[in-house]
$ cat start.cif   # mmCIF, N, CA and C atoms
data_upload
loop_
_atom_site.label_atom_id
_atom_site.label_comp_id
_atom_site.auth_asym_id
_atom_site.auth_seq_id
_atom_site.Cartn_x
_atom_site.Cartn_y
_atom_site.Cartn_z
N MET A 6 1.24 33.46 -23.93
CA MET A 6 1.05 34.17 -22.68
C MET A 6 2.43 34.46 -22.06
N GLY A 7 2.47 35.48 -21.28
CA GLY A 7 3.72 35.83 -20.63
C GLY A 7 3.48 36.48 -19.28
N ASP A 8 4.53 36.55 -18.52
CA ASP A 8 4.48 37.09 -17.16
C ASP A 8 5.64 38.03 -16.92
N VAL A 9 5.42 38.99 -16.05
CA VAL A 9 6.53 39.76 -15.51
C VAL A 9 7.14 38.89 -14.42
N HIS A 10 8.41 38.64 -14.54
CA HIS A 10 9.12 37.72 -13.63
C HIS A 10 10.11 38.50 -12.79
N HIS A 11 10.16 38.20 -11.51
CA HIS A 11 11.20 38.72 -10.62
C HIS A 11 12.44 37.84 -10.82
N ILE A 12 13.52 38.41 -11.29
CA ILE A 12 14.75 37.64 -11.53
C ILE A 12 15.23 37.03 -10.22
N PHE A 13 15.27 37.82 -9.17
CA PHE A 13 15.40 37.29 -7.81
C PHE A 13 13.96 37.17 -7.34
N PRO A 14 13.40 35.96 -7.32
CA PRO A 14 11.97 35.81 -7.04
C PRO A 14 11.52 36.51 -5.76
N LYS A 15 10.34 37.11 -5.87
CA LYS A 15 9.78 37.89 -4.77
C LYS A 15 9.71 37.07 -3.48
N GLN A 16 9.16 35.88 -3.55
CA GLN A 16 9.02 35.08 -2.32
C GLN A 16 10.38 34.69 -1.76
N TYR A 17 11.34 34.43 -2.62
CA TYR A 17 12.70 34.12 -2.18
C TYR A 17 13.28 35.30 -1.40
N LEU A 18 13.09 36.52 -1.92
CA LEU A 18 13.59 37.71 -1.22
C LEU A 18 12.85 37.91 0.11
N ILE A 19 11.55 37.74 0.10
CA ILE A 19 10.77 37.88 1.33
C ILE A 19 11.25 36.86 2.37
N ASP A 20 11.44 35.62 1.94
CA ASP A 20 11.90 34.56 2.85
C ASP A 20 13.28 34.86 3.42
N ASN A 21 14.04 35.72 2.73
CA ASN A 21 15.38 36.08 3.19
C ASN A 21 15.43 37.48 3.79
N GLY A 22 14.27 37.99 4.21
CA GLY A 22 14.25 39.22 5.00
C GLY A 22 13.94 40.51 4.25
N ILE A 23 13.82 40.46 2.93
CA ILE A 23 13.48 41.67 2.19
C ILE A 23 11.95 41.69 2.04
N LYS A 24 11.32 42.37 2.97
CA LYS A 24 9.86 42.38 3.01
C LYS A 24 9.27 43.68 2.46
N ASP A 25 10.14 44.65 2.15
CA ASP A 25 9.71 45.93 1.62
C ASP A 25 9.38 45.77 0.13
N LYS A 26 8.12 45.98 -0.21
CA LYS A 26 7.66 45.82 -1.58
C LYS A 26 8.47 46.67 -2.56
N ALA A 27 8.84 47.88 -2.15
CA ALA A 27 9.63 48.76 -3.01
C ALA A 27 11.01 48.16 -3.29
N LYS A 28 11.49 47.35 -2.39
CA LYS A 28 12.83 46.75 -2.55
C LYS A 28 12.79 45.54 -3.50
N TYR A 29 11.82 44.65 -3.34
CA TYR A 29 11.80 43.47 -4.21
C TYR A 29 11.12 43.73 -5.55
N ASN A 30 10.34 44.82 -5.64
CA ASN A 30 9.70 45.17 -6.91
C ASN A 30 10.48 46.22 -7.69
N GLN A 31 11.77 46.22 -7.58
CA GLN A 31 12.63 47.12 -8.36
C GLN A 31 12.50 46.79 -9.85
N VAL A 32 12.42 47.79 -10.69
CA VAL A 32 12.35 47.57 -12.13
C VAL A 32 13.54 46.72 -12.59
N ALA A 33 14.68 46.95 -12.00
CA ALA A 33 15.87 46.17 -12.37
C ALA A 33 15.75 44.70 -11.99
N ASN A 34 14.75 44.35 -11.21
CA ASN A 34 14.54 42.95 -10.84
C ASN A 34 13.48 42.28 -11.71
N PHE A 35 12.97 42.98 -12.72
CA PHE A 35 11.92 42.44 -13.57
C PHE A 35 12.45 42.05 -14.94
N THR A 36 11.87 41.00 -15.48
CA THR A 36 12.05 40.64 -16.88
C THR A 36 10.76 39.98 -17.33
N TYR A 37 10.65 39.73 -18.59
CA TYR A 37 9.45 39.12 -19.14
C TYR A 37 9.76 37.67 -19.49
N LEU A 38 8.93 36.75 -19.01
CA LEU A 38 9.08 35.32 -19.31
C LEU A 38 7.75 34.75 -19.76
N ASP A 39 7.83 33.69 -20.55
CA ASP A 39 6.59 32.99 -20.85
C ASP A 39 6.12 32.31 -19.56
N THR A 40 4.83 32.10 -19.46
CA THR A 40 4.23 31.58 -18.23
C THR A 40 4.82 30.24 -17.79
N PRO A 41 4.98 29.25 -18.68
CA PRO A 41 5.55 27.98 -18.21
C PRO A 41 6.95 28.13 -17.62
N THR A 42 7.76 29.00 -18.21
CA THR A 42 9.11 29.21 -17.67
C THR A 42 9.04 29.88 -16.30
N ASN A 43 8.18 30.87 -16.17
CA ASN A 43 8.02 31.55 -14.88
C ASN A 43 7.58 30.57 -13.80
N ILE A 44 6.65 29.70 -14.13
CA ILE A 44 6.18 28.69 -13.16
C ILE A 44 7.31 27.72 -12.81
N ALA A 45 8.10 27.32 -13.81
CA ALA A 45 9.20 26.38 -13.57
C ALA A 45 10.27 26.98 -12.65
N VAL A 46 10.51 28.28 -12.78
CA VAL A 46 11.49 28.95 -11.91
C VAL A 46 10.98 28.99 -10.48
N GLY A 47 9.70 29.29 -10.32
CA GLY A 47 9.11 29.34 -8.98
C GLY A 47 9.79 30.35 -8.10
N LYS A 48 10.10 29.95 -6.87
CA LYS A 48 10.76 30.87 -5.94
C LYS A 48 12.22 30.48 -5.69
N ASP A 49 12.78 29.72 -6.63
CA ASP A 49 14.20 29.34 -6.50
C ASP A 49 15.10 30.56 -6.67
N GLU A 50 16.21 30.53 -5.96
CA GLU A 50 17.21 31.60 -6.13
C GLU A 50 17.86 31.45 -7.51
N PRO A 51 18.40 32.55 -8.02
CA PRO A 51 19.01 32.49 -9.37
C PRO A 51 20.07 31.41 -9.53
N SER A 52 20.90 31.18 -8.52
CA SER A 52 21.94 30.16 -8.67
C SER A 52 21.33 28.77 -8.87
N VAL A 53 20.16 28.54 -8.32
CA VAL A 53 19.49 27.24 -8.47
C VAL A 53 18.86 27.12 -9.85
N TYR A 54 18.03 28.11 -10.22
CA TYR A 54 17.33 27.93 -11.49
C TYR A 54 18.25 28.12 -12.69
N PHE A 55 19.29 28.95 -12.57
CA PHE A 55 20.22 29.05 -13.69
C PHE A 55 21.08 27.80 -13.82
N SER A 56 21.37 27.13 -12.71
CA SER A 56 22.08 25.84 -12.78
C SER A 56 21.24 24.84 -13.57
N LYS A 57 19.93 24.86 -13.33
CA LYS A 57 19.03 23.96 -14.07
C LYS A 57 19.06 24.30 -15.56
N VAL A 58 19.06 25.59 -15.89
CA VAL A 58 19.09 26.01 -17.30
C VAL A 58 20.38 25.51 -17.95
N TRP A 59 21.51 25.69 -17.29
CA TRP A 59 22.78 25.26 -17.87
C TRP A 59 22.86 23.74 -17.96
N ASN A 60 22.31 23.04 -16.95
CA ASN A 60 22.34 21.57 -16.98
C ASN A 60 21.46 21.01 -18.10
N GLN A 61 20.46 21.75 -18.52
CA GLN A 61 19.61 21.31 -19.62
C GLN A 61 20.40 21.11 -20.90
N LEU A 62 21.49 21.85 -21.04
CA LEU A 62 22.34 21.70 -22.22
C LEU A 62 22.93 20.30 -22.29
N ILE A 63 23.16 19.72 -21.12
CA ILE A 63 23.77 18.38 -21.05
C ILE A 63 22.71 17.30 -21.19
N ASN A 64 21.64 17.39 -20.38
CA ASN A 64 20.66 16.30 -20.36
C ASN A 64 19.53 16.49 -21.38
N GLN A 65 19.45 17.64 -22.01
CA GLN A 65 18.45 17.96 -23.03
C GLN A 65 17.02 17.73 -22.58
N ASN A 66 16.78 17.86 -21.27
CA ASN A 66 15.43 17.81 -20.70
C ASN A 66 15.06 19.24 -20.35
N TYR A 67 14.38 19.93 -21.27
CA TYR A 67 14.13 21.36 -21.14
C TYR A 67 12.89 21.62 -20.28
N VAL A 68 13.15 21.96 -19.03
CA VAL A 68 12.09 22.24 -18.06
C VAL A 68 11.94 23.74 -17.86
N ILE A 69 13.05 24.47 -17.93
CA ILE A 69 13.05 25.93 -17.77
C ILE A 69 13.46 26.55 -19.08
N GLY A 70 12.49 27.00 -19.84
CA GLY A 70 12.78 27.63 -21.12
C GLY A 70 13.20 26.61 -22.17
N ASN A 71 13.66 27.13 -23.30
CA ASN A 71 14.04 26.24 -24.40
C ASN A 71 15.34 26.68 -25.09
N LEU A 72 16.20 27.36 -24.35
CA LEU A 72 17.49 27.76 -24.91
C LEU A 72 18.38 26.53 -24.95
N LYS A 73 18.88 26.21 -26.16
CA LYS A 73 19.53 24.92 -26.35
C LYS A 73 21.03 24.96 -26.56
N THR A 74 21.62 26.16 -26.47
CA THR A 74 23.07 26.26 -26.58
C THR A 74 23.58 27.27 -25.56
N GLU A 75 24.84 27.14 -25.23
CA GLU A 75 25.46 28.10 -24.31
C GLU A 75 25.42 29.51 -24.91
N ASP A 76 25.68 29.60 -26.20
CA ASP A 76 25.63 30.91 -26.87
C ASP A 76 24.23 31.52 -26.79
N ALA A 77 23.20 30.70 -26.94
CA ALA A 77 21.82 31.20 -26.86
C ALA A 77 21.51 31.73 -25.46
N ILE A 78 21.99 31.04 -24.44
CA ILE A 78 21.78 31.50 -23.06
C ILE A 78 22.50 32.83 -22.85
N LYS A 79 23.75 32.90 -23.26
CA LYS A 79 24.52 34.13 -23.08
C LYS A 79 23.90 35.29 -23.85
N LYS A 80 23.43 35.05 -25.07
CA LYS A 80 22.79 36.11 -25.85
C LYS A 80 21.50 36.56 -25.18
N ASN A 81 20.73 35.63 -24.66
CA ASN A 81 19.49 35.99 -23.99
C ASN A 81 19.77 36.85 -22.76
N LEU A 82 20.78 36.48 -21.99
CA LEU A 82 21.15 37.29 -20.82
C LEU A 82 21.59 38.68 -21.26
N ASP A 83 22.41 38.74 -22.31
CA ASP A 83 22.87 40.03 -22.82
C ASP A 83 21.70 40.87 -23.34
N ASP A 84 20.83 40.25 -24.11
CA ASP A 84 19.67 40.97 -24.65
C ASP A 84 18.79 41.55 -23.54
N ASN A 85 18.74 40.86 -22.41
CA ASN A 85 17.90 41.27 -21.29
C ASN A 85 18.68 42.00 -20.20
N CYS A 86 19.92 42.37 -20.50
CA CYS A 86 20.75 43.14 -19.57
C CYS A 86 20.90 42.44 -18.22
N ILE A 87 21.10 41.14 -18.25
CA ILE A 87 21.29 40.37 -17.02
C ILE A 87 22.73 39.90 -16.98
N PRO A 88 23.45 40.25 -15.92
CA PRO A 88 24.86 39.85 -15.83
C PRO A 88 25.02 38.32 -15.87
N LEU A 89 26.03 37.86 -16.57
CA LEU A 89 26.31 36.43 -16.66
C LEU A 89 26.53 35.82 -15.28
N GLU A 90 27.04 36.60 -14.36
CA GLU A 90 27.31 36.11 -13.00
C GLU A 90 26.04 35.66 -12.28
N ILE A 91 24.88 36.00 -12.81
CA ILE A 91 23.61 35.64 -12.18
C ILE A 91 23.56 34.14 -11.89
N LYS A 92 24.23 33.35 -12.71
CA LYS A 92 24.18 31.89 -12.53
C LYS A 92 24.81 31.43 -11.22
N ASN A 93 25.54 32.32 -10.56
CA ASN A 93 26.18 31.96 -9.29
C ASN A 93 25.60 32.72 -8.10
N TRP A 94 24.68 33.59 -8.32
CA TRP A 94 24.26 34.51 -7.28
C TRP A 94 23.12 34.00 -6.41
N ILE A 95 23.21 34.41 -5.14
CA ILE A 95 22.21 34.08 -4.13
C ILE A 95 21.75 35.39 -3.48
N PHE A 96 20.94 35.28 -2.47
CA PHE A 96 20.36 36.43 -1.78
C PHE A 96 21.37 37.53 -1.47
N GLU A 97 22.53 37.16 -0.99
CA GLU A 97 23.53 38.15 -0.60
C GLU A 97 24.02 38.99 -1.76
N ASN A 98 23.80 38.56 -2.98
CA ASN A 98 24.25 39.28 -4.17
C ASN A 98 23.17 40.19 -4.76
N TYR A 99 22.01 40.31 -4.12
CA TYR A 99 20.89 41.04 -4.70
C TYR A 99 21.23 42.50 -4.99
N GLU A 100 21.83 43.20 -4.04
CA GLU A 100 22.16 44.62 -4.25
C GLU A 100 23.18 44.78 -5.38
N GLU A 101 24.17 43.92 -5.44
CA GLU A 101 25.15 43.96 -6.53
C GLU A 101 24.48 43.69 -7.87
N PHE A 102 23.56 42.73 -7.88
CA PHE A 102 22.80 42.44 -9.10
C PHE A 102 22.05 43.68 -9.57
N LEU A 103 21.33 44.35 -8.66
CA LEU A 103 20.57 45.54 -9.04
C LEU A 103 21.49 46.61 -9.63
N LEU A 104 22.62 46.82 -9.00
CA LEU A 104 23.58 47.82 -9.47
C LEU A 104 24.09 47.47 -10.87
N GLN A 105 24.52 46.24 -11.05
CA GLN A 105 25.05 45.83 -12.36
C GLN A 105 23.97 45.86 -13.44
N ARG A 106 22.77 45.40 -13.10
CA ARG A 106 21.71 45.38 -14.12
C ARG A 106 21.32 46.79 -14.52
N ARG A 107 21.24 47.71 -13.57
CA ARG A 107 20.93 49.10 -13.92
C ARG A 107 21.95 49.67 -14.89
N LYS A 108 23.22 49.36 -14.65
CA LYS A 108 24.27 49.85 -15.54
C LYS A 108 24.13 49.25 -16.93
N LEU A 109 23.84 47.95 -17.01
CA LEU A 109 23.66 47.30 -18.30
C LEU A 109 22.44 47.86 -19.03
N MET A 110 21.36 48.11 -18.30
CA MET A 110 20.15 48.67 -18.91
C MET A 110 20.43 50.08 -19.43
N ALA A 111 21.13 50.87 -18.65
CA ALA A 111 21.46 52.24 -19.07
C ALA A 111 22.34 52.23 -20.32
N ALA A 112 23.30 51.32 -20.35
CA ALA A 112 24.18 51.23 -21.52
C ALA A 112 23.40 50.83 -22.77
N LYS A 113 22.46 49.91 -22.62
CA LYS A 113 21.65 49.48 -23.77
C LYS A 113 20.77 50.61 -24.26
N ILE A 114 20.19 51.36 -23.35
CA ILE A 114 19.35 52.50 -23.73
C ILE A 114 20.19 53.56 -24.43
N LYS A 115 21.39 53.82 -23.91
CA LYS A 115 22.28 54.80 -24.53
C LYS A 115 22.66 54.36 -25.94
N GLU A 116 23.02 53.10 -26.08
CA GLU A 116 23.40 52.56 -27.39
C GLU A 116 22.24 52.72 -28.38
N TYR A 117 21.05 52.38 -27.95
CA TYR A 117 19.87 52.54 -28.81
C TYR A 117 19.66 54.00 -29.19
N TYR A 118 19.73 54.87 -28.21
CA TYR A 118 19.50 56.31 -28.43
C TYR A 118 20.51 56.86 -29.44
N GLU A 119 21.75 56.46 -29.32
CA GLU A 119 22.79 56.96 -30.22
C GLU A 119 22.62 56.47 -31.65
N LYS A 120 21.84 55.42 -31.85
CA LYS A 120 21.59 54.92 -33.19
C LYS A 120 20.42 55.62 -33.86
N LEU A 121 19.67 56.42 -33.10
CA LEU A 121 18.50 57.12 -33.67
C LEU A 121 18.91 58.18 -34.66
#
$ encode --input "start.cif" --output "structure tokens"
Amino acid sequence: MGDVHHIFPKQYLIDNGIKDKAKYNQVANFTYLDTPTNIAVGKDEPSVYFSKVWNQLINQNYVIGNLKTEDAIKKNLDDNCIPLEIKNWIFENYEEFLLQRRKLMAAKIKEYYEKL
């Protein structure tokens, strides 16, 4: 099973003043996660849940996903066009995140198209 996940969780954005559905439901704010991972993330801001993901490498208690190496995390972020800086970002970085992710998504689409 899987879920469409808000990278900056919807409730987190609402709690921080972004109440416009069109703003928090941006395509650039979506990714696909398995249901247990989506539930584990909850409404935490990216800096919180990504800290947990990175700390799992040390304590090997995998609560959010099952990526077991730093390289695997970085590859997953790259594959999903998510800037590495996401691990430090909070509400104030949402607009910058959207801008950067759109650029990464466009570059990936262009790269794919050029290989056709």
$ closest_atom_pairs --input "start.cif" --of "region 75-112 of chain A" --to "region 20-40 of chain A" --cutoff "8 Å" --atoms "only C-alpha atoms" --output "JSON lines"
{"residue": "A:Asn85", "atom": "CA", "partner": "A:Thr36", "partner_atom": "CA", "distance": 7.4}
{"residue": "A:Phe96", "atom": "CA", "partner": "A:Asn21", "partner_atom": "CA", "distance": 7.0}
{"residue": "A:Leu103", "atom": "CA", "partner": "A:Ala33", "partner_atom": "CA", "distance": 5.8}
{"residue": "A:Arg106", "atom": "CA", "partner": "A:Ala33", "partner_atom": "CA", "distance": 6.1}
{"residue": "A:Arg107", "atom": "CA", "partner": "A:Ala33", "partner_atom": "CA", "distance": 6.0}
$ residues_around --input "start.cif" --residues "Val68 (chain A)" --least-positions-apart "2" --cutoff "8 Å" --atoms "all atoms listed in the file" --output "JSON, numbers by chain"
{"A": [41, 42, 44, 45, 46, 57, 58, 61, 65, 66, 70, 71]}
$ write_last_selection --input "start.cif" --atoms "N, CA and C atoms" --output "short mmCIF file (atom, residue, chain, number, x, y, z; two decimals), in the frame of the given file"
data_model
loop_
_atom_site.label_atom_id
_atom_site.label_comp_id
_atom_site.auth_asym_id
_atom_site.auth_seq_id
_atom_site.Cartn_x
_atom_site.Cartn_y
_atom_site.Cartn_z
N PRO A 41 4.98 29.25 -18.68
CA PRO A 41 5.55 27.98 -18.21
C PRO A 41 6.95 28.13 -17.62
N THR A 42 7.76 29.00 -18.21
CA THR A 42 9.11 29.21 -17.67
C THR A 42 9.04 29.88 -16.30
N ILE A 44 6.65 29.70 -14.13
CA ILE A 44 6.18 28.69 -13.16
C ILE A 44 7.31 27.72 -12.81
N ALA A 45 8.10 27.32 -13.81
CA ALA A 45 9.20 26.38 -13.57
C ALA A 45 10.27 26.98 -12.65
N VAL A 46 10.51 28.28 -12.78
CA VAL A 46 11.49 28.95 -11.91
C VAL A 46 10.98 28.99 -10.48
N LYS A 57 19.93 24.86 -13.33
CA LYS A 57 19.03 23.96 -14.07
C LYS A 57 19.06 24.30 -15.56
N VAL A 58 19.06 25.59 -15.89
CA VAL A 58 19.09 26.01 -17.30
C VAL A 58 20.38 25.51 -17.95
N GLN A 61 20.46 21.75 -18.52
CA GLN A 61 19.61 21.31 -19.62
C GLN A 61 20.40 21.11 -20.90
N GLN A 65 19.45 17.64 -22.01
CA GLN A 65 18.45 17.96 -23.03
C GLN A 65 17.02 17.73 -22.58
N ASN A 66 16.78 17.86 -21.27
CA ASN A 66 15.43 17.81 -20.70
C ASN A 66 15.06 19.24 -20.35
N GLY A 70 12.49 27.00 -19.84
CA GLY A 70 12.78 27.63 -21.12
C GLY A 70 13.20 26.61 -22.17
N ASN A 71 13.66 27.13 -23.30
CA ASN A 71 14.04 26.24 -24.40
C ASN A 71 15.34 26.68 -25.09
#
$ atom_distance --input "start.cif" --atom1 "atom C of Ile69 (chain A)" --atom2 "atom C of Phe102 (chain A)"
21.4 Å
$ select_by_dssp --input "start.cif" --residues "chain A" --states "alpha helix (DSSP H)" --output "number ranges by chain"
A: 15-20, 26-29, 40-46, 51-64, 75-84, 99-120
$ closest_residue --input "start.cif" --among "A:Glu90, A:Asp84, A:Glu119, A:Asp49" --to "Phe13 (chain A)" --atoms "only C-alpha atoms"
A:Asp49
$ select_by_dssp --input "start.cif" --residues "chain A" --states "strand (DSSP E)" --output "list in words"
Gly7, Asp8, Val9, His10, His11, Phe35, Thr36, Tyr37, Leu38 and Asp39 of chain A
$ resolve_selection --input "start.cif" --expression "the PyMOL selection byres ((chain A and resi 93) around 8)" --output "list of chain:residue names"
A:Glu50, A:Pro51, A:Ser52, A:Val53, A:Phe55, A:Ser56, A:Leu89, A:Glu90, A:Ile91, A:Lys92, A:Trp94, A:Ile95, A:Phe96, A:Asn98
$ atom_distance --input "start.cif" --atom1 "atom N of Glu116 (chain A)" --atom2 "CA of Asp76 (chain A)"
22.4 Å
$ atom_distance --input "start.cif" --atom1 "CA of Ile12 (chain A)" --atom2 "CA of Met110 (chain A)"
14.3 Å
$ decode --input "start.cif" --residues "region 20-32 of chain A" --atoms "N, CA, C and O atoms" --output "compact mmCIF listing (two decimals), in the first residue's frame"
# COMPACT_ATOMS: atom_id res chain seq x y z
N ASP A 20 -1.05 24.66 10.34
CA ASP A 20 -0.74 25.14 11.69
C ASP A 20 0.17 26.36 11.66
O ASP A 20 0.22 27.13 12.63
N ASN A 21 0.90 26.54 10.56
CA ASN A 21 1.81 27.68 10.43
C ASN A 21 1.25 28.75 9.49
O ASN A 21 2.01 29.57 8.96
N GLY A 22 -0.06 28.75 9.28
CA GLY A 22 -0.71 29.85 8.59
C GLY A 22 -1.01 29.66 7.11
O GLY A 22 -1.61 30.53 6.49
N ILE A 23 -0.58 28.56 6.52
CA ILE A 23 -0.89 28.33 5.11
C ILE A 23 -2.17 27.50 5.07
O ILE A 23 -2.16 26.28 5.17
N LYS A 24 -3.28 28.20 4.95
CA LYS A 24 -4.58 27.55 5.00
C LYS A 24 -5.21 27.38 3.61
O LYS A 24 -6.22 26.72 3.47
N ASP A 25 -4.57 27.95 2.60
CA ASP A 25 -5.06 27.86 1.23
C ASP A 25 -4.71 26.49 0.66
O ASP A 25 -3.54 26.13 0.50
N LYS A 26 -5.74 25.72 0.35
CA LYS A 26 -5.56 24.36 -0.17
C LYS A 26 -4.66 24.34 -1.40
O LYS A 26 -3.83 23.44 -1.57
N ALA A 27 -4.81 25.34 -2.27
CA ALA A 27 -3.99 25.40 -3.48
C ALA A 27 -2.51 25.59 -3.14
O ALA A 27 -1.64 25.20 -3.91
N LYS A 28 -2.24 26.17 -2.01
CA LYS A 28 -0.85 26.43 -1.61
C LYS A 28 -0.19 25.18 -1.01
O LYS A 28 0.93 24.84 -1.35
N TYR A 29 -0.89 24.47 -0.12
CA TYR A 29 -0.27 23.30 0.49
C TYR A 29 -0.39 22.04 -0.37
O TYR A 29 0.34 21.08 -0.18
N ASN A 30 -1.31 22.06 -1.34
CA ASN A 30 -1.46 20.91 -2.24
C ASN A 30 -0.73 21.11 -3.56
O ASN A 30 -1.15 20.60 -4.59
N GLN A 31 0.37 21.81 -3.55
CA GLN A 31 1.20 21.97 -4.74
C GLN A 31 1.77 20.62 -5.17
O GLN A 31 2.20 19.82 -4.32
N VAL A 32 1.78 20.34 -6.45
CA VAL A 32 2.35 19.10 -6.95
C VAL A 32 3.80 18.95 -6.47
O VAL A 32 4.23 17.85 -6.12
